[in-house]
Amino acid sequence: MIDLYRTMARIRAFELAAEVASQGGVGVLGAKVDERAKVRGPLHLSIGQEAVAAGVCAHLRREDLLTSTHRGHGHTLAKGGNVRRMMAELFGRADGSNGGKGGSMHIADFSVGMLGANGVVTAGLPIACGAAHALKLQGKPNVVACFFGDGAINRGPFLEALNWAAVYRLPVLFVCEDNRYSATTSTAGLTAGPGVAARANALGVPSETVDGNDVEAVSAMAERLVAKVRGGEGPQLLHALTWRVRGHVSVDTQAYRDPQDLQGALDADPLKRARARALASGVSAAQLDAIDAEVQAEIDDAVAFADASPPPDVAAAYTDIQTTGAGAWL
Ligand SMILES: Cc1ncc(C[n+]2csc(CCOP(=O)(O)OP(=O)(O)O)c2C)c(N)n1
């Protein structure tokens with residue numbers, strides 16, 4: 001429980017710091033770019049959804065692989081991504097995990113099996129299947145965790161990926177982070193039928209739904225499902241019901257959202273819940289406060305590191321470009 005709490009606290013502190021560093025820095029949807037902003041471009045925060053990343057990734061090994069969405073900081077941190085290098089990546093600096101060329105939405109860290117965040121909704125699913133197929137052909141004992149949003153299930157690659165995974169019994173854990181919104185639209189109004197779990201079942205991928213703001217429940221379910229995937233039982237799907245607290249992207253004021261709905265999201269805060277649970281089980285408030293302080297110091301250090309890192313050399317723009325064959329990521 002303490003480890004899960006620490007992971008969630010780290011994600012929260014990282015994203016709050018990134019949000020501050022991005023203020024005024026978004027040049028999308030007609031908003032002005034402020035030259036002083038350290039984080040430029042769209043920033044998709046997962047504040048409110050930390051329990052899903054923490055609970056699932058707690059059961060992954062370093063050599064297991066991970067695909068993400070456009071909202072990938074939490075997944076990357078929970079998989080063990082280096083905090084300093086991640087912050088430098090958001091700042092677009094040379095010491096970033098991708099040399100400053102990926103930024104928030106394309107963050108990757110192959111050293112911990114994190115294959116990349118991705119701006120194309122649903123694109124992570126076929127990538128996960130490709131990676132899982134490679135693992136299977138290589139006879140490796142590893143699995144792929146594939147995070148995607150509830151909006152992704154209405155695009156074709158969802159069907160393609162689940163079918164592919166089921167037919168070849170690929171070692172993939174599909175994780176639907178259902179925050180009930182697809183950008184500015186309630187997903188309920190976009191989705192025919194009973195939704196993701198039923199669709200997965202129809203394709204032969206067993207699925208289970210969990211309260212995605214209860215980190216212990218997510219962790220217990222992930223433990224079981226990862227064991228099945230690792231044990232060769234084929235793909236499984238974990239459907240986590242959660243809430244996004246911030247807007248879809250940093251400039252989004254959530255004008256489309258009912259204030260009661262937002263209040264519900266705040267009330268369901270996974271960190272508050274985990275804290276209350278830990279206190280009830282005998283962990284002291286001082287112990288939890290110490291974790292918060294430790295994590296905050298770690299993030300402050302990462303911000304200072306990112307700030308001190310130089311911008312990438314202009315010549316670097318022409319490196320890491322794939323020209324022939326496949327890049328080596330394993
Ligand atoms: C193929 C494609 N269509 C549309 C978009 C624009 N877009 C970006 S995020 C998003 C909503 C995604 O919702 P969901 O998959 O539920 O993820 P969430 O943002 O809720 O985490 C949309 C429509 C896109 N990036 N890619």
# chains A, B, ... in the order shown; residues from 1 in each chain; ligands from 1
$ residues_near_ligand --ligand "ligand 1" --cutoff "9 Å" --atoms "only C-alpha atoms and all ligand atoms" --output "ChimeraX atom specification"
/A:44-46,69-72,118-123,148-155,176-185,187,243-244,248-249
$ select_by_dssp --residues "range 197-238 of chain A" --states "alpha helix (DSSP H)" --output "MDAnalysis selection string"
chainID A and resid 197:202 215:230
$ residues_around --residues "Ala278 in chain A" --least-positions-apart "3" --cutoff "10 Å" --atoms "only C-alpha atoms" --output "PyMOL selection string"
chain A and resi 1-2+5+272-275+281-285+287-288
$ closest_residue --among "A:Ser186, A:Gln322, A:Ser309, A:Gln260" --to "Gly96 in chain A" --atoms "only C-alpha atoms"
A:Ser309
$ closest_residue --among "A:Val39, A:Ala297, A:Val215, A:Ala192" --to "Thr7 in chain A" --atoms "only C-alpha atoms"
A:Val215
$ closest_residue --among "A:Phe158, A:Phe91, A:Phe305, A:Phe110" --to "Glu63 in chain A" --atoms "only C-alpha atoms"
A:Phe110
$ atom_distance --atom1 "CA of Val56 in chain A" --atom2 "CA of Ala222 in chain A"
5.3 Å
$ decode --residues "range 287-308 of chain A" --atoms "N, CA, C and O atoms" --output "mmCIF file, in the first residue's frame"
data_model
loop_
_atom_site.group_PDB
_atom_site.id
_atom_site.type_symbol
_atom_site.label_atom_id
_atom_site.label_comp_id
_atom_site.auth_asym_id
_atom_site.auth_seq_id
_atom_site.Cartn_x
_atom_site.Cartn_y
_atom_site.Cartn_z
ATOM 1 N N GLN A 287 4.112 9.279 8.697
ATOM 2 C CA GLN A 287 4.747 8.423 7.679
ATOM 3 C C GLN A 287 4.304 8.865 6.271
ATOM 4 O O GLN A 287 5.111 8.960 5.355
ATOM 5 N N LEU A 288 3.011 9.145 6.153
ATOM 6 C CA LEU A 288 2.480 9.562 4.849
ATOM 7 C C LEU A 288 2.989 10.959 4.488
ATOM 8 O O LEU A 288 3.349 11.221 3.333
ATOM 9 N N ASP A 289 3.044 11.829 5.483
ATOM 10 C CA ASP A 289 3.565 13.180 5.226
ATOM 11 C C ASP A 289 5.024 13.103 4.771
ATOM 12 O O ASP A 289 5.458 13.868 3.912
ATOM 13 N N ALA A 290 5.757 12.185 5.364
ATOM 14 C CA ALA A 290 7.179 12.042 5.001
ATOM 15 C C ALA A 290 7.300 11.595 3.545
ATOM 16 O O ALA A 290 8.187 12.071 2.813
ATOM 17 N N ILE A 291 6.404 10.723 3.122
ATOM 18 C CA ILE A 291 6.437 10.274 1.713
ATOM 19 C C ILE A 291 6.136 11.469 0.810
ATOM 20 O O ILE A 291 6.824 11.699 -0.192
ATOM 21 N N ASP A 292 5.122 12.245 1.176
ATOM 22 C CA ASP A 292 4.772 13.423 0.367
ATOM 23 C C ASP A 292 5.972 14.365 0.245
ATOM 24 O O ASP A 292 6.264 14.881 -0.842
ATOM 25 N N ALA A 293 6.650 14.572 1.366
ATOM 26 C CA ALA A 293 7.788 15.508 1.372
ATOM 27 C C ALA A 293 8.937 14.963 0.515
ATOM 28 O O ALA A 293 9.558 15.701 -0.254
ATOM 29 N N GLU A 294 9.191 13.666 0.668
ATOM 30 C CA GLU A 294 10.266 13.006 -0.106
ATOM 31 C C GLU A 294 10.010 13.160 -1.611
ATOM 32 O O GLU A 294 10.888 13.515 -2.380
ATOM 33 N N VAL A 295 8.773 12.877 -1.973
ATOM 34 C CA VAL A 295 8.395 12.920 -3.383
ATOM 35 C C VAL A 295 8.481 14.355 -3.907
ATOM 36 O O VAL A 295 8.977 14.602 -5.008
ATOM 37 N N GLN A 296 8.039 15.310 -3.094
ATOM 38 C CA GLN A 296 8.097 16.711 -3.532
ATOM 39 C C GLN A 296 9.544 17.143 -3.750
ATOM 40 O O GLN A 296 9.844 17.842 -4.728
ATOM 41 N N ALA A 297 10.429 16.687 -2.861
ATOM 42 C CA ALA A 297 11.855 17.040 -3.009
ATOM 43 C C ALA A 297 12.404 16.451 -4.308
ATOM 44 O O ALA A 297 13.183 17.097 -5.029
ATOM 45 N N GLU A 298 11.976 15.228 -4.601
ATOM 46 C CA GLU A 298 12.416 14.555 -5.826
ATOM 47 C C GLU A 298 11.958 15.358 -7.067
ATOM 48 O O GLU A 298 12.708 15.537 -8.030
ATOM 49 N N ILE A 299 10.740 15.846 -7.015
ATOM 50 C CA ILE A 299 10.203 16.591 -8.168
ATOM 51 C C ILE A 299 10.853 17.977 -8.268
ATOM 52 O O ILE A 299 11.189 18.430 -9.368
ATOM 53 N N ASP A 300 11.080 18.624 -7.122
ATOM 54 C CA ASP A 300 11.763 19.928 -7.146
ATOM 55 C C ASP A 300 13.145 19.775 -7.769
ATOM 56 O O ASP A 300 13.578 20.601 -8.574
ATOM 57 N N ASP A 301 13.811 18.689 -7.395
ATOM 58 C CA ASP A 301 15.141 18.422 -7.953
ATOM 59 C C ASP A 301 15.034 18.188 -9.468
ATOM 60 O O ASP A 301 15.878 18.672 -10.230
ATOM 61 N N ALA A 302 14.000 17.486 -9.889
ATOM 62 C CA ALA A 302 13.834 17.208 -11.331
ATOM 63 C C ALA A 302 13.585 18.500 -12.107
ATOM 64 O O ALA A 302 14.116 18.688 -13.206
ATOM 65 N N VAL A 303 12.821 19.402 -11.520
ATOM 66 C CA VAL A 303 12.551 20.691 -12.183
ATOM 67 C C VAL A 303 13.857 21.484 -12.306
ATOM 68 O O VAL A 303 14.162 22.048 -13.372
ATOM 69 N N ALA A 304 14.651 21.492 -11.225
ATOM 70 C CA ALA A 304 15.930 22.222 -11.262
ATOM 71 C C ALA A 304 16.854 21.594 -12.310
ATOM 72 O O ALA A 304 17.516 22.301 -13.080
ATOM 73 N N PHE A 305 16.868 20.270 -12.357
ATOM 74 C CA PHE A 305 17.701 19.555 -13.341
ATOM 75 C C PHE A 305 17.264 19.926 -14.757
ATOM 76 O O PHE A 305 18.085 20.249 -15.631
ATOM 77 N N ALA A 306 15.949 19.905 -14.986
ATOM 78 C CA ALA A 306 15.416 20.196 -16.322
ATOM 79 C C ALA A 306 15.746 21.633 -16.719
ATOM 80 O O ALA A 306 16.155 21.910 -17.855
ATOM 81 N N ASP A 307 15.616 22.521 -15.762
ATOM 82 C CA ASP A 307 15.852 23.932 -16.032
ATOM 83 C C ASP A 307 17.317 24.202 -16.384
ATOM 84 O O ASP A 307 17.619 25.080 -17.197
ATOM 85 N N ALA A 308 18.202 23.421 -15.762
ATOM 86 C CA ALA A 308 19.639 23.629 -15.993
ATOM 87 C C ALA A 308 20.109 22.952 -17.274
ATOM 88 O O ALA A 308 21.213 23.212 -17.751
#
